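One structure is given here, and the rest of the page talks about it.
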Amino acid sequence: MAGQGDETQPAEAEATQARFSPGVSEAATPTPTPVTVPQGPVYAEPVDPWATAEAAAIAAGGQPGGYTPHPHPEGTWTVPGATEPTVEKPSRRRPALIIGGAVAAVTVIATTAAVVLLWPKFPALDYHALREIKRITPTAPFTSTFIDSEMYGERAFFAGVTEAGVMHTVAADTGTGTALWENDLAGRAYSWKGMYARESVVVFLSGLDPTTSRSRMVALSSENGRLMWERDLGSSDEVQLTSDIVLWADREAKKLTGLDMSDGTVEWSVDDADSTALQPVTSPGDLNGPAGSEGRPFTPAADEKQRFVQIDGDRTVTVRDVHTGDVVQTRAEVASTSDKVAAHDGRLYVLEPGTTKRVFQYDLARLAETQPVTLYTAGDSEDVSRLTPCGELLCFVVTTGYDRKAAVIRAVGGEGAWDKAVPGVEELVAVGDDGLLAIGDDGTTLLVDGEDAWYRLGVAVRLDARNVLSFSGDLTSSVDDRELAGTHLGENPVSLGVLSEVRSGTCSWNTSVVACAADKDYVIHEFAG
């Protein structure tokens, strides 16, 4: 969950790619085009963003607009933004920070924070001191084998493996903390990798059983906990969860299948002889809601015209409809199953492997008839990673040689392109159209339109397109304290208090509450009204 990601998602894509043999990219047709990346704009002293936005709207003859929880698991499957609890923690363990005045002591706030026109669609949340809503003690105590939480709407889901090796699940109302249901129906597995909540079901994915080379995918009803369906997965199968369809590349059966999320029935199925890699196409809405520390949206945006990209072993890319499997576009010689790719809002980004290392952008609506655009050509000693859609642009990390401290974040692909040196960056998480969280070994930098807003020790995560939540230390499975702060882009952080003795790597959140596993129970806290 928390660190779950991931997501998602460039980071997830890289984990998925590790399962395929790297290919050698042929010339992709376009001639390398040097890219000149302008520096980000220089901002004046902060002003009241609401006044600015309102004045701009009135001047235009209108009115201000308004509106009244993990990294890719390894092995047998992959999931967008992936579950952050069990996988994320080992890769980014950092010593817990001393709590007490941490917000003031470890935060470097840029007093010249960027001025952003913040429309009322995503106003500052009504942050307040943490208030414990409820502690929930499961009827079957959990062990450290697997513990996680997920949140969807007004429901929190907690899961932990018991001493008997059974997955025990609890669902609770986030407003009152009242337990809605509790059971062991997910059953047993050799190991568990992740839990994902959707509107109708909670999906569990197990690790690979070495004795059978198989794994399990199990779905419980989010409403009453009833076992809805389950599937047996092969050792190299790939799974991607959209908002309401499970995309399943079955390597043994050589089939690509779309399963209805609610009941597990086959919505469509096509032959797949080429060990397809899958890449769902995210939408702008996916950058506007709560997400894990690797960018996995906890509530993927639902769309009747959802698309995904199928990448075959012969470098053919096919765009398909998520709900029907119908082919929308196809093109040969685009990417191999091991290439780093990202797909967002009608665009496919591909990082060319080998020595040239160009970043291409394809138009998914006209994939067959238009040529790709070269967004960036890396230098001989440069490495490009973390392809992350950030609004209308593509953000990624450029490092030189083995010195990760020399990392530069580049945003390319249109008006407002920028670059910024951010030492030690490991993850990029977009915040709406113009915000970006650059998470590193020790802390997180918040960038707005390419300019520093602040740097804080610990990990920050997205709440919505304008609000982020900061933890004063890394997200881990250990029981420890974490001080929280809430920030609205363009404003100073608000101290929320301390989450005491929680396993921060299991936490999930929405825009008002955070749910975590503690030492022996689960706890829900409210941080915004």
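Identifiers in the structure tokens: chain A, B, ... in order shown; residue index from 1 per chain; ligand index from 1 in order shown.
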At most 12 Å is the cut-off: for each residue in region 161-275 of chain A with any atom that close to an atom of region 122-140 of chain A, write down the nearest atom pair and the distance in Å rounded to one decimal, counting only C-alpha atoms, chain first then increasing number, as a tab-separated table.
```
residue	atom	partner	partner_atom	distance
A:Val161	CA	A:Ala140	CA	8.9
A:Thr162	CA	A:Ala140	CA	6.5
A:Glu163	CA	A:Ala140	CA	8.7
A:Ala164	CA	A:Ala140	CA	9.6
A:Gly165	CA	A:Ala140	CA	11.0
A:Val166	CA	A:Ala140	CA	9.5
A:Met167	CA	A:Ala140	CA	9.7
A:His168	CA	A:Ala140	CA	7.0
A:Thr169	CA	A:Pro138	CA	8.4
A:Val170	CA	A:Pro138	CA	7.1
A:Ala171	CA	A:Ile136	CA	9.9
A:Ala172	CA	A:Ile136	CA	8.6
A:Asp173	CA	A:Lys134	CA	9.8
A:Thr174	CA	A:Ile133	CA	8.0
A:Gly175	CA	A:Ile133	CA	7.4
A:Thr176	CA	A:Ile133	CA	6.3
A:Gly177	CA	A:Lys134	CA	5.0
A:Thr178	CA	A:Lys134	CA	7.8
A:Ala179	CA	A:Ile136	CA	7.6
A:Leu180	CA	A:Ile136	CA	11.2
A:Trp181	CA	A:Pro138	CA	10.6
A:Glu182	CA	A:Pro138	CA	8.0
A:Asn183	CA	A:Thr139	CA	9.0
A:Asp184	CA	A:Ala140	CA	9.0
```
Report task. Might you pull out every residue within 9 Å of region 264-278 of chain A, with only C-alpha atoms counted and same-chain residues fewer than 3 positions away left off, and present them as JSON, numbers by chain? Result -> {"A": [13, 16, 17, 20, 219, 228, 229, 230, 231, 237, 238, 239, 240, 245, 246, 247, 248, 249, 250, 251, 253, 254, 255, 256, 257, 258, 259, 260, 261, 308, 309, 310, 311, 312, 313, 314, 323, 324, 325, 326, 336, 337, 338]}
With C-alpha atoms kept, could you save the residues just selected as a tab-separated table (two decimals), in the first residue's frame?
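Wrote it out as again22.tsv, contents follow:
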```
chain	number	residue	atom	x	y	z
A	13	ALA	CA	7.54	-0.94	-15.83
A	16	THR	CA	8.38	-5.85	-15.28
A	17	GLN	CA	11.07	-5.42	-17.91
A	20	PHE	CA	12.38	-10.27	-20.44
A	219	ALA	CA	-10.80	-11.55	-5.08
A	228	MET	CA	-15.90	-13.82	-5.47
A	229	TRP	CA	-13.34	-15.61	-7.66
A	230	GLU	CA	-9.78	-16.84	-7.90
A	231	ARG	CA	-7.29	-17.78	-10.61
A	237	ASP	CA	2.29	-14.65	-16.26
A	238	GLU	CA	1.71	-10.92	-16.18
A	239	VAL	CA	-1.29	-9.24	-14.55
A	240	GLN	CA	-2.32	-5.58	-14.66
A	245	ILE	CA	-10.80	-5.12	-15.68
A	246	VAL	CA	-7.94	-7.50	-14.92
A	247	LEU	CA	-5.54	-7.77	-17.87
A	248	TRP	CA	-3.92	-11.21	-17.82
A	249	ALA	CA	-1.14	-12.41	-20.14
A	250	ASP	CA	-1.27	-16.19	-19.71
A	251	ARG	CA	2.09	-17.45	-20.98
A	253	ALA	CA	-2.11	-20.87	-22.66
A	254	LYS	CA	-0.65	-18.17	-24.94
A	255	LYS	CA	-3.72	-16.02	-24.34
A	256	LEU	CA	-4.28	-12.39	-23.51
A	257	THR	CA	-7.47	-12.11	-21.47
A	258	GLY	CA	-9.62	-9.43	-19.89
A	259	LEU	CA	-11.40	-10.54	-16.70
A	260	ASP	CA	-14.35	-8.71	-15.19
A	261	MET	CA	-13.06	-7.40	-11.87
A	308	PHE	CA	-3.76	-0.37	-22.87
A	309	VAL	CA	-0.64	-1.01	-24.88
A	310	GLN	CA	0.37	-4.55	-25.83
A	311	ILE	CA	4.08	-4.94	-26.64
A	312	ASP	CA	5.00	-8.14	-28.47
A	313	GLY	CA	8.31	-9.95	-28.73
A	314	ASP	CA	8.73	-8.85	-32.37
A	323	HIS	CA	-13.18	-3.54	-21.99
A	324	THR	CA	-13.41	-5.33	-25.35
A	325	GLY	CA	-9.86	-6.24	-26.32
A	326	ASP	CA	-10.52	-4.68	-29.74
A	336	SER	CA	10.64	-4.50	-27.24
A	337	THR	CA	9.19	-6.14	-24.15
A	338	SER	CA	12.26	-5.07	-22.16
```
Query raised in the report: Can you tell me, as an NGL selection string, what residues are no more than 10 Å from Thr487 (chain A) when counting only C-alpha atoms, ignoring any on the same chain fewer than 2 positions away?
Result: :A and (124-125 or 127 or 460 or 462-463 or 466-470 or 485 or 489-495)
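Between CA of Ala417 (chain A) and CA of Arg358 (chain A) the separation is 16.8 Å.
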Query raised in the report: So how far away is CA of Asp480 (chain A) from CA of Phe158 (chain A), in Å?
Result: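 That distance, rounded to one decimal, is 18.6 Å.
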**Report entry** Picked from region 274-473 of chain A by DSSP as strand (DSSP E), as JSON, numbers by chain
**Finding:** {"A": [277, 278, 279, 280, 307, 308, 309, 310, 311, 317, 318, 319, 320, 321, 327, 328, 329, 330, 331, 340, 341, 342, 343, 344, 347, 348, 349, 350, 351, 358, 359, 360, 361, 362, 363, 373, 374, 375, 376, 377, 382, 383, 384, 385, 386, 387, 388, 389, 390, 393, 394, 395, 396, 397, 398, 399, 400, 403, 404, 405, 406, 407, 408, 409, 410, 411, 412, 418, 419, 420, 421, 425, 426, 427, 428, 429, 430, 431, 435, 436, 437, 438, 439, 440, 443, 444, 445, 446, 447, 448, 451, 452, 453, 454, 455, 456, 457, 459, 460, 461, 462, 467, 468, 469, 470, 471]}
Requested in this report: Quote the spacing between CA of Glu150 (chain A) and CA of Ala197 (chain A) in Å to one decimal place.
Outcome: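 One can read the CA of Glu150 (chain A) to CA of Ala197 (chain A) distance as 6.0 Å.
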Query - Given only C-alpha atoms as the counted atoms, nearest of A:Val350, A:Leu496, A:Val327, A:Val201 to Ser512 (chain A) - result: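 For Ser512 (chain A), the nearest of the candidates is A:Leu496.
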**Report entry** Distance query region 437-443 of chain A at most 10 Å, only C-alpha atoms, self and fewer than 2 positions along chain excluded, as a ChimeraX atom specification
**Finding:** /A:92-95,106-107,293-295,397,405,409,422-431,435,445-448,455-462,468,470-474
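Neighbours of Val202 (chain A) closer than or equal to 8 Å, with only C-alpha atoms counted and sequence neighbours fewer than 5 positions away skipped, come out as Met195, Tyr196, Ala197, Ala219, Leu220, Ser221 and Ser222 of chain A.
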Expected file: the selected residues, all heavy atoms, as a compact mmCIF listing (two decimals), in the first residue's frame:
```
# COMPACT_ATOMS: atom_id res chain seq x y z
N MET A 195 -1.98 -6.51 -2.07
CA MET A 195 -3.42 -6.38 -1.96
C MET A 195 -3.81 -5.08 -2.65
O MET A 195 -3.15 -4.05 -2.48
CB MET A 195 -3.84 -6.34 -0.48
CG MET A 195 -5.31 -6.01 -0.27
SD MET A 195 -5.82 -6.12 1.48
CE MET A 195 -4.96 -4.72 2.18
N TYR A 196 -4.92 -5.12 -3.42
CA TYR A 196 -5.36 -3.96 -4.19
C TYR A 196 -6.87 -3.81 -4.06
O TYR A 196 -7.61 -4.76 -4.28
CB TYR A 196 -4.97 -4.10 -5.66
CG TYR A 196 -3.50 -4.37 -5.83
CD1 TYR A 196 -3.01 -5.67 -5.81
CD2 TYR A 196 -2.61 -3.32 -5.95
CE1 TYR A 196 -1.66 -5.92 -5.93
CE2 TYR A 196 -1.26 -3.55 -6.06
CZ TYR A 196 -0.78 -4.85 -6.05
OH TYR A 196 0.57 -5.09 -6.14
N ALA A 197 -7.32 -2.63 -3.66
CA ALA A 197 -8.75 -2.40 -3.46
C ALA A 197 -9.35 -1.72 -4.68
O ALA A 197 -8.77 -0.79 -5.25
CB ALA A 197 -8.97 -1.53 -2.23
N ALA A 219 -10.00 -12.76 -5.22
CA ALA A 219 -10.80 -11.55 -5.08
C ALA A 219 -11.93 -11.77 -4.07
O ALA A 219 -12.71 -12.71 -4.19
CB ALA A 219 -11.38 -11.12 -6.42
N LEU A 220 -11.99 -10.89 -3.06
CA LEU A 220 -13.07 -10.89 -2.08
C LEU A 220 -13.98 -9.69 -2.34
O LEU A 220 -13.52 -8.63 -2.77
CB LEU A 220 -12.52 -10.78 -0.65
CG LEU A 220 -11.52 -11.83 -0.18
CD1 LEU A 220 -11.16 -11.59 1.28
CD2 LEU A 220 -12.06 -13.24 -0.37
N SER A 221 -15.25 -9.85 -2.06
CA SER A 221 -16.20 -8.74 -2.21
C SER A 221 -15.83 -7.63 -1.24
O SER A 221 -15.64 -7.87 -0.04
CB SER A 221 -17.62 -9.22 -1.92
OG SER A 221 -18.50 -8.11 -1.78
N SER A 222 -15.73 -6.40 -1.73
CA SER A 222 -15.41 -5.29 -0.84
C SER A 222 -16.58 -4.96 0.07
O SER A 222 -16.41 -4.38 1.13
CB SER A 222 -15.03 -4.05 -1.66
OG SER A 222 -16.09 -3.68 -2.52
```
Write out as an mmCIF file with N, CA and C atoms, in the first residue's frame the set of residues from region 129-329 of chain A that DSSP, computed on the backbone, places in helix (DSSP H, G or I).
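Ended up saving to out.cif:
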```
data_model
loop_
_atom_site.group_PDB
_atom_site.id
_atom_site.type_symbol
_atom_site.label_atom_id
_atom_site.label_comp_id
_atom_site.auth_asym_id
_atom_site.auth_seq_id
_atom_site.Cartn_x
_atom_site.Cartn_y
_atom_site.Cartn_z
ATOM 1 N N PRO A 284 -5.221 11.865 -17.201
ATOM 2 C CA PRO A 284 -4.922 12.991 -16.308
ATOM 3 C C PRO A 284 -5.504 12.795 -14.916
ATOM 4 N N GLY A 285 -6.664 12.148 -14.832
ATOM 5 C CA GLY A 285 -7.271 11.917 -13.523
ATOM 6 C C GLY A 285 -6.426 11.043 -12.618
ATOM 7 N N ASP A 286 -5.575 10.213 -13.206
ATOM 8 C CA ASP A 286 -4.718 9.343 -12.406
ATOM 9 C C ASP A 286 -3.621 10.118 -11.686
ATOM 10 N N LEU A 287 -3.388 11.371 -12.088
ATOM 11 C CA LEU A 287 -2.378 12.205 -11.439
ATOM 12 C C LEU A 287 -2.992 13.138 -10.402
#
```
